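Student: I am sharing coords07.txt, which consists of compact mmCIF, C-alpha atoms:
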```txt
# COMPACT_ATOMS: atom_id res chain seq x y z
CA MET A 1 109.63 114.93 117.26
CA THR A 2 106.63 113.80 115.24
CA THR A 3 104.90 110.64 116.46
CA VAL A 4 102.24 108.31 115.10
CA LYS A 5 99.63 110.34 117.03
CA HIS A 6 100.22 113.35 114.75
CA ILE A 7 99.48 111.32 111.62
CA LEU A 8 96.28 109.97 113.15
CA MET A 9 95.12 113.45 114.13
CA GLU A 10 95.19 114.47 110.48
CA LYS A 11 94.23 111.17 108.91
CA GLY A 12 91.56 110.08 111.38
CA HIS A 13 90.94 106.80 113.14
CA VAL A 14 88.85 104.96 110.55
CA VAL A 15 90.21 101.51 109.77
CA TRP A 16 88.67 99.31 107.10
CA SER A 17 88.43 95.65 107.96
CA VAL A 18 86.99 92.35 106.72
CA SER A 19 86.05 89.10 108.43
CA PRO A 20 88.49 86.19 108.07
CA HIS A 21 85.69 84.22 106.40
CA ALA A 22 85.03 86.87 103.73
CA ALA A 23 85.94 85.88 100.16
CA VAL A 24 88.96 87.62 98.66
CA LYS A 25 86.68 89.17 96.02
CA ASP A 26 84.86 91.11 98.75
CA ALA A 27 88.14 92.31 100.21
CA LEU A 28 89.33 93.37 96.72
CA HIS A 29 86.13 95.37 96.21
CA LEU A 30 86.72 97.20 99.47
CA LEU A 31 90.33 97.99 98.49
CA ALA A 32 89.22 99.35 95.11
CA GLU A 33 86.28 101.32 96.51
CA LYS A 34 88.31 102.97 99.28
CA LYS A 35 91.42 103.34 97.10
CA ILE A 36 93.61 101.64 99.69
CA GLY A 37 96.26 98.94 99.53
CA ALA A 38 95.39 96.80 102.54
CA VAL A 39 92.60 95.97 105.01
CA LEU A 40 92.78 94.45 108.46
CA VAL A 41 91.28 91.04 109.09
CA VAL A 42 89.25 91.25 112.28
CA GLU A 43 87.00 88.84 114.18
CA GLU A 44 85.21 89.68 117.43
CA SER A 45 87.37 92.80 117.70
CA LYS A 46 90.54 90.71 117.53
CA ILE A 47 93.03 91.49 114.78
CA LEU A 48 93.94 88.25 113.06
CA GLY A 49 96.02 89.59 110.17
CA ILE A 50 96.25 92.00 107.26
CA PHE A 51 95.21 91.44 103.64
CA SER A 52 96.98 93.46 100.93
CA GLU A 53 97.07 93.72 97.15
CA ARG A 54 100.37 91.88 97.37
CA ASP A 55 98.83 88.93 99.26
CA TYR A 56 96.25 88.63 96.52
CA VAL A 57 98.56 88.70 93.51
CA ARG A 58 100.86 86.18 95.20
CA LEU A 59 97.84 83.90 95.60
CA VAL A 60 97.01 84.23 91.89
CA ALA A 61 100.65 83.51 90.97
CA ASP A 62 100.57 80.31 93.07
CA ALA A 63 97.10 79.13 92.08
CA GLY A 64 97.30 80.11 88.41
CA ALA A 65 93.67 81.18 88.78
CA LEU A 66 91.72 84.18 90.09
CA ALA A 67 90.82 82.19 93.22
CA GLN A 68 88.23 84.82 94.15
CA ASP A 69 86.28 82.61 96.53
CA THR A 70 89.29 81.82 98.69
CA PRO A 71 88.58 82.90 102.29
CA VAL A 72 90.71 85.84 103.36
CA HIS A 73 92.20 83.97 106.34
CA GLU A 74 93.95 81.56 103.96
CA VAL A 75 95.97 84.30 102.26
CA MET A 76 96.29 87.08 104.82
CA THR A 77 99.64 87.98 106.36
CA HIS A 78 99.99 87.16 110.05
CA PRO A 79 101.25 87.69 112.64
CA ILE A 80 101.44 91.42 112.05
CA TYR A 81 103.61 94.19 113.38
CA PHE A 82 101.92 97.14 115.07
CA VAL A 83 102.93 100.44 116.64
CA THR A 84 101.59 102.66 119.45
CA PRO A 85 100.53 106.34 119.10
CA ASP A 86 103.64 107.51 120.96
CA GLN A 87 106.16 105.86 118.66
CA LYS A 88 108.43 108.02 116.55
CA LEU A 89 108.03 108.07 112.78
CA GLU A 90 111.68 107.08 112.38
CA ASP A 91 110.93 103.84 114.23
CA CYS A 92 107.92 103.14 111.98
CA MET A 93 110.01 103.78 108.88
CA SER A 94 112.79 101.45 110.09
CA LEU A 95 110.27 98.73 110.84
CA MET A 96 108.56 99.10 107.45
CA THR A 97 111.86 99.11 105.57
CA ALA A 98 113.35 96.18 107.49
CA LYS A 99 110.24 93.99 107.22
CA HIS A 100 109.21 95.16 103.73
CA ILE A 101 105.74 96.13 104.86
CA ARG A 102 103.62 99.09 103.78
CA HIS A 103 100.99 99.26 106.53
CA LEU A 104 101.09 99.32 110.33
CA PRO A 105 98.05 99.10 112.63
CA VAL A 106 98.18 101.45 115.63
CA MET A 107 97.23 99.97 119.00
CA GLU A 108 96.61 101.78 122.28
CA ASN A 109 95.82 99.90 125.49
CA GLY A 110 94.95 96.80 123.52
CA LYS A 111 92.57 98.70 121.22
CA LEU A 112 92.97 99.39 117.51
CA VAL A 113 93.01 103.17 117.00
CA GLY A 114 94.23 103.57 113.41
CA LEU A 115 96.26 102.31 110.47
CA ILE A 116 99.17 104.15 108.90
CA SER A 117 100.73 103.52 105.50
CA ILE A 118 104.28 103.98 104.25
CA GLY A 119 103.03 106.97 102.21
CA ASP A 120 101.79 108.72 105.38
CA VAL A 121 105.06 108.10 107.22
CA VAL A 122 107.23 109.30 104.34
CA LYS A 123 105.24 112.49 103.86
CA TRP A 124 105.49 113.44 107.52
CA LEU A 125 109.12 112.44 107.93
CA ILE A 126 110.22 114.53 104.98
CA GLU A 127 108.22 117.57 106.15
CA ASP A 128 109.82 117.14 109.56
CA LYS A 129 113.34 117.09 108.20
CA VAL A 130 112.73 120.05 105.89
CA THR A 131 111.44 122.06 108.86
CA THR A 132 114.53 121.18 110.90
CA ILE A 133 116.83 122.18 108.03
CA LYS A 134 114.99 125.51 107.56
CA GLY A 135 115.23 126.20 111.30
CA LEU A 136 118.95 125.49 111.38
CA GLU A 137 119.54 127.63 108.29
CA ASN A 138 117.67 130.56 109.82
CA TYR A 139 119.68 130.17 112.97
CA ILE A 140 122.94 130.27 111.02
CA LEU A 141 121.84 133.23 108.90
CA GLY A 142 120.81 135.10 112.03
CA ARG A 143 123.93 134.48 114.06
CA GLY A 144 126.66 133.46 111.65
CA PHE A 145 129.07 135.51 109.56
CA SER A 146 127.34 138.80 110.25
CA GLN A 147 128.77 138.95 113.77
CA MET B 1 122.22 116.48 96.24
CA THR B 2 121.78 112.77 95.55
CA THR B 3 120.89 111.94 91.96
CA VAL B 4 119.14 108.97 90.43
CA ARG B 5 122.47 107.89 88.92
CA HIS B 6 123.87 107.42 92.42
CA LEU B 7 120.80 105.45 93.49
CA ILE B 8 120.88 102.94 90.63
CA ARG B 9 124.54 101.94 90.92
CA ASN B 10 123.74 98.78 92.84
CA LYS B 11 120.37 97.94 91.31
CA GLY B 12 119.94 94.64 89.55
CA ARG B 13 118.53 94.07 86.09
CA VAL B 14 115.19 95.43 84.91
CA TRP B 15 112.44 92.83 84.36
CA THR B 16 110.38 93.46 81.25
CA PHE B 17 107.58 91.77 79.30
CA ALA B 18 106.03 92.14 75.87
CA PRO B 19 102.48 93.62 75.72
CA GLU B 20 100.92 90.39 74.45
CA GLU B 21 102.36 88.14 77.18
CA PRO B 22 99.89 86.73 79.76
CA ALA B 23 99.51 88.52 83.10
CA LEU B 24 100.09 85.28 84.99
CA ARG B 25 103.64 85.03 83.62
CA ALA B 26 104.43 88.49 85.01
CA LEU B 27 102.75 87.73 88.36
CA LYS B 28 104.84 84.58 88.79
CA LEU B 29 108.05 86.48 88.11
CA MET B 30 107.02 89.28 90.49
CA ALA B 31 106.43 86.70 93.24
CA GLU B 32 109.76 84.99 92.55
CA LYS B 33 111.80 88.22 92.42
CA LYS B 34 109.79 89.89 95.19
CA ILE B 35 109.06 92.97 93.11
CA GLY B 36 105.89 95.02 92.83
CA ALA B 37 105.90 95.98 89.14
CA VAL B 38 107.37 95.09 85.73
CA LEU B 39 107.81 97.21 82.62
CA ILE B 40 106.09 96.46 79.34
CA MET B 41 108.35 96.99 76.32
CA GLU B 42 107.73 96.96 72.60
CA ALA B 43 110.46 97.60 70.00
CA GLU B 44 112.78 98.68 72.82
CA LYS B 45 110.33 101.32 73.98
CA VAL B 46 108.52 101.42 77.33
CA VAL B 47 104.80 101.22 76.50
CA GLY B 48 103.42 100.57 79.97
CA ILE B 49 103.96 99.43 83.55
CA PHE B 50 102.15 96.53 85.22
CA SER B 51 101.88 96.51 89.01
CA GLU B 52 100.28 94.43 91.76
CA ARG B 53 97.70 97.19 92.04
CA ASP B 54 96.75 97.01 88.34
CA PHE B 55 95.89 93.34 88.69
CA ALA B 56 94.12 93.64 92.07
CA ARG B 57 91.92 96.48 90.74
CA ALA B 58 91.11 94.64 87.49
CA ALA B 59 90.14 91.50 89.44
CA ALA B 60 87.87 93.57 91.70
CA VAL B 61 85.97 94.97 88.71
CA ASN B 62 85.82 91.80 86.64
CA PRO B 63 85.23 88.54 88.58
CA SER B 64 85.67 86.48 85.41
CA LEU B 65 89.01 88.04 84.50
CA SER B 66 91.42 85.47 83.07
CA PRO B 67 94.86 85.37 84.74
CA ASN B 68 96.17 84.92 81.19
CA THR B 69 94.77 88.24 79.98
CA PRO B 70 97.42 89.96 77.84
CA LEU B 71 99.40 92.51 79.84
CA GLN B 72 98.50 95.31 77.43
CA GLU B 73 94.88 95.09 78.61
CA LEU B 74 95.81 95.52 82.28
CA MET B 75 98.90 97.72 82.30
CA THR B 76 98.99 101.43 83.08
CA HIS B 77 99.78 103.21 79.82
CA GLU B 78 100.73 106.58 81.23
CA VAL B 79 104.27 105.98 82.50
CA TYR B 80 106.19 108.73 84.27
CA TYR B 81 109.95 108.34 84.01
CA VAL B 82 113.07 110.12 85.22
CA SER B 83 116.59 110.64 83.90
CA PRO B 84 119.76 109.64 85.81
CA ASP B 85 120.61 113.30 86.45
CA GLN B 86 117.41 114.09 88.33
CA THR B 87 117.54 114.40 92.10
CA VAL B 88 115.93 111.95 94.50
CA ASP B 89 113.86 114.85 95.88
CA GLU B 90 112.30 115.31 92.45
CA CYS B 91 111.51 111.58 92.27
CA MET B 92 109.91 111.67 95.71
CA ALA B 93 107.76 114.66 94.74
CA LEU B 94 106.63 112.96 91.53
CA MET B 95 105.83 109.67 93.32
CA THR B 96 103.87 111.41 96.08
CA ALA B 97 101.94 113.67 93.69
CA ARG B 98 101.01 110.87 91.29
CA HIS B 99 100.59 108.12 93.90
CA ILE B 100 103.03 105.84 92.10
CA ARG B 101 105.55 103.43 93.56
CA HIS B 102 107.88 102.81 90.61
CA LEU B 103 109.75 105.02 88.13
CA PRO B 104 111.68 103.79 85.08
CA VAL B 105 115.01 105.53 84.54
CA VAL B 106 115.64 106.46 80.90
CA GLU B 107 118.86 107.81 79.39
CA GLU B 108 119.20 108.70 75.69
CA HIS B 109 115.93 106.88 74.94
CA GLN B 110 117.25 103.69 76.59
CA LEU B 111 115.74 102.11 79.69
CA VAL B 112 118.57 101.78 82.22
CA SER B 113 116.83 100.95 85.50
CA VAL B 114 113.67 101.12 87.62
CA ILE B 115 113.58 102.71 91.05
CA SER B 116 110.96 102.02 93.70
CA ILE B 117 109.52 104.25 96.40
CA GLY B 118 111.54 102.28 98.99
CA ASP B 119 114.83 103.11 97.22
CA VAL B 120 113.92 106.79 96.99
CA VAL B 121 112.70 107.14 100.57
CA LYS B 122 115.81 105.57 102.04
CA SER B 123 118.01 107.89 100.03
CA VAL B 124 115.99 111.07 100.68
CA LEU B 125 115.92 110.45 104.42
CA ALA B 126 119.66 109.70 104.56
CA GLU B 127 120.37 112.89 102.63
CA LYS B 128 118.21 115.09 104.85
CA GLU B 129 119.73 113.53 107.95
CA SER B 130 123.23 114.36 106.70
CA ASP B 131 122.16 117.96 105.84
CA ILE B 132 120.95 118.33 109.42
CA LYS B 133 124.19 116.90 110.84
CA GLY B 134 126.21 119.24 108.59
CA LEU B 135 124.24 122.29 109.71
CA GLU B 136 124.50 121.29 113.36
CA ASP B 137 128.29 120.92 113.06
CA TYR B 138 128.42 124.32 111.41
CA ILE B 139 126.52 125.93 114.26
CA TRP B 140 128.65 124.21 116.83
CA VAL B 141 131.91 125.26 115.18
CA ASN B 142 130.75 128.83 114.75
CA LEU B 143 129.66 129.28 118.31
CA ILE B 144 133.08 128.64 119.82
```
Show me the file's structure as structure tokens.

Tutor:
Amino acid sequence: MTTVKHILMEKGHVVWSVSPHAAVKDALHLLAEKKIGAVLVVEESKILGIFSERDYVRLVADAGALAQDTPVHEVMTHPIYFVTPDQKLEDCMSLMTAKHIRHLPVMENGKLVGLISIGDVVKWLIEDKVTTIKGLENYILGRGFSQ
Amino acid sequence: MTTVRHLIRNKGRVWTFAPEEPALRALKLMAEKKIGAVLIMEAEKVVGIFSERDFARAAAVNPSLSPNTPLQELMTHEVYYVSPDQTVDECMALMTARHIRHLPVVEEHQLVSVISIGDVVKSVLAEKESDIKGLEDYIWVNLI
């Protein structure tokens, strides 16, 4: 059974973050530069929230303006859901689908060790299921009608 | 094999805008309907797609961007679409390869729906799960 740990082994443990007092324009630059959809909002190694493309466009829709100097803490999403390295991908998928979220920070012993996205989870889950199906098919072909 | 046709049975209407409409109008509708993208149509043809990402990236590059910029200046022009007879596996492959989250569904040159990555994932996983169950039953039955 694939767990969050397996994703992090391939993807690495780098997590991009901004300070809660940063302006949204700085956070948007980071998203664009790193080609990612969300960054964590962190202060003194405490996770305060998450800031995503969605949070920003909702702000613009409300304000009717670019609102680029708004501090991140005013628009970030919090509290946030997180997972541990030993959790199953199915559990992550259920959580993401139920809560309509695309990113989950990974915490181990109170420390942030990674961030996984819905794209990561989907890719791994589908590979997992295809492998299981291939295994079962081989088993049937090996032992089935031929006997 | 689940097809797109099966997936779109219970989907609501498609939200569309004209290319010259202001971005802010689309952003307000996206917030209200809780959707991530809208289609841009001209003379009943899909000419682009406008997503949360398009706006966030444009705002990062241009700090004096007007929220009322016409959609045609911000939308993604290259739109991948699928037909109702394609399988959800094909949609998933296309979305993963192109890093896109939405696919318009077109039948006989008419836009009939839009599917999101969430719709596709749910369906693909359910289908694979039922394949596995089917194969497991088969093994079980054949071993007795």

Student: Excluding Glu44 in chain B and its own-chain neighbours fewer than 3 positions away, which residues fall within 12 Å of it when counting all atoms listed in the file? Please give them as an MDAnalysis selection string.

Tutor: chainID B and resid 16:19 39:41 47:48 106 109:112

Student: Would you compute the distance between CA of Asp62 in chain A and CA of Val15 in chain A? Give it in Å to one decimal.

Tutor: 28.9 Å

Student: Set the cut-off to 10 Å and count all atoms listed in the file: what are the residues of chain B that reach chain A? Output as a PyMOL selection string.

Tutor: chain B and resi 23-32+34-36+51-68+89+92-93+95-96+99+101+117-119+121-122+124-125+127-129+131-136+138-139+142-143

Student: Mind giving me the straight-line distance from CA of Met1 in chain A to CA of Ile100 in chain B in Å, one decimal?

Tutor: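 CA of Ile100 in chain B lies at a distance of 27.6 Å from CA of Met1 in chain A.
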
Student: Using only C-alpha atoms - which residues lie no farther than 6 Å from the point (93.6, 97.7, 113.4) in the file's frame? Write them as an mmCIF file with C-alpha atoms, in the frame of the given file.

Tutor:
```
data_model
loop_
_atom_site.group_PDB
_atom_site.id
_atom_site.type_symbol
_atom_site.label_atom_id
_atom_site.label_comp_id
_atom_site.auth_asym_id
_atom_site.auth_seq_id
_atom_site.Cartn_x
_atom_site.Cartn_y
_atom_site.Cartn_z
ATOM 1 C CA LEU A 40 92.780 94.450 108.460
ATOM 2 C CA PRO A 105 98.050 99.100 112.630
ATOM 3 C CA LEU A 112 92.970 99.390 117.510
ATOM 4 C CA GLY A 114 94.230 103.570 113.410
#
```

Student: Near Leu89 in chain A, counting all atoms listed in the file, which residues have an atom at most 8 Å away, once you skip same-chain residues fewer than 5 positions from it, shown as a list in words?

Tutor: Thr2, Thr3, Val4, Val121, Trp124 and Leu125 of chain A

Student: Which neighbours of His6 in chain B fall inside 10 Å, counting only C-alpha atoms, when residues of the same chain fewer than 2 positions from it are skipped, and could you give them as a list in words?

Tutor: Met1, Thr2, Thr3, Val4, Ile8, Arg9, Asn10, Pro84, Asp85, Thr87, Val88 and Ser123 of chain B

Student: How many Å lie between CA of Val83 in chain A and CA of Leu115 in chain A, rounded to one decimal?

Tutor: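 These two atoms are separated by 9.3 Å.
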
Student: Tell me which of B:Val14, B:Ile115, B:Leu103, B:Leu74 sits closest to Phe50 in chain B, counting all atoms listed in the file.

Tutor: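 For Phe50 in chain B, the nearest of the given residues is B:Leu74.
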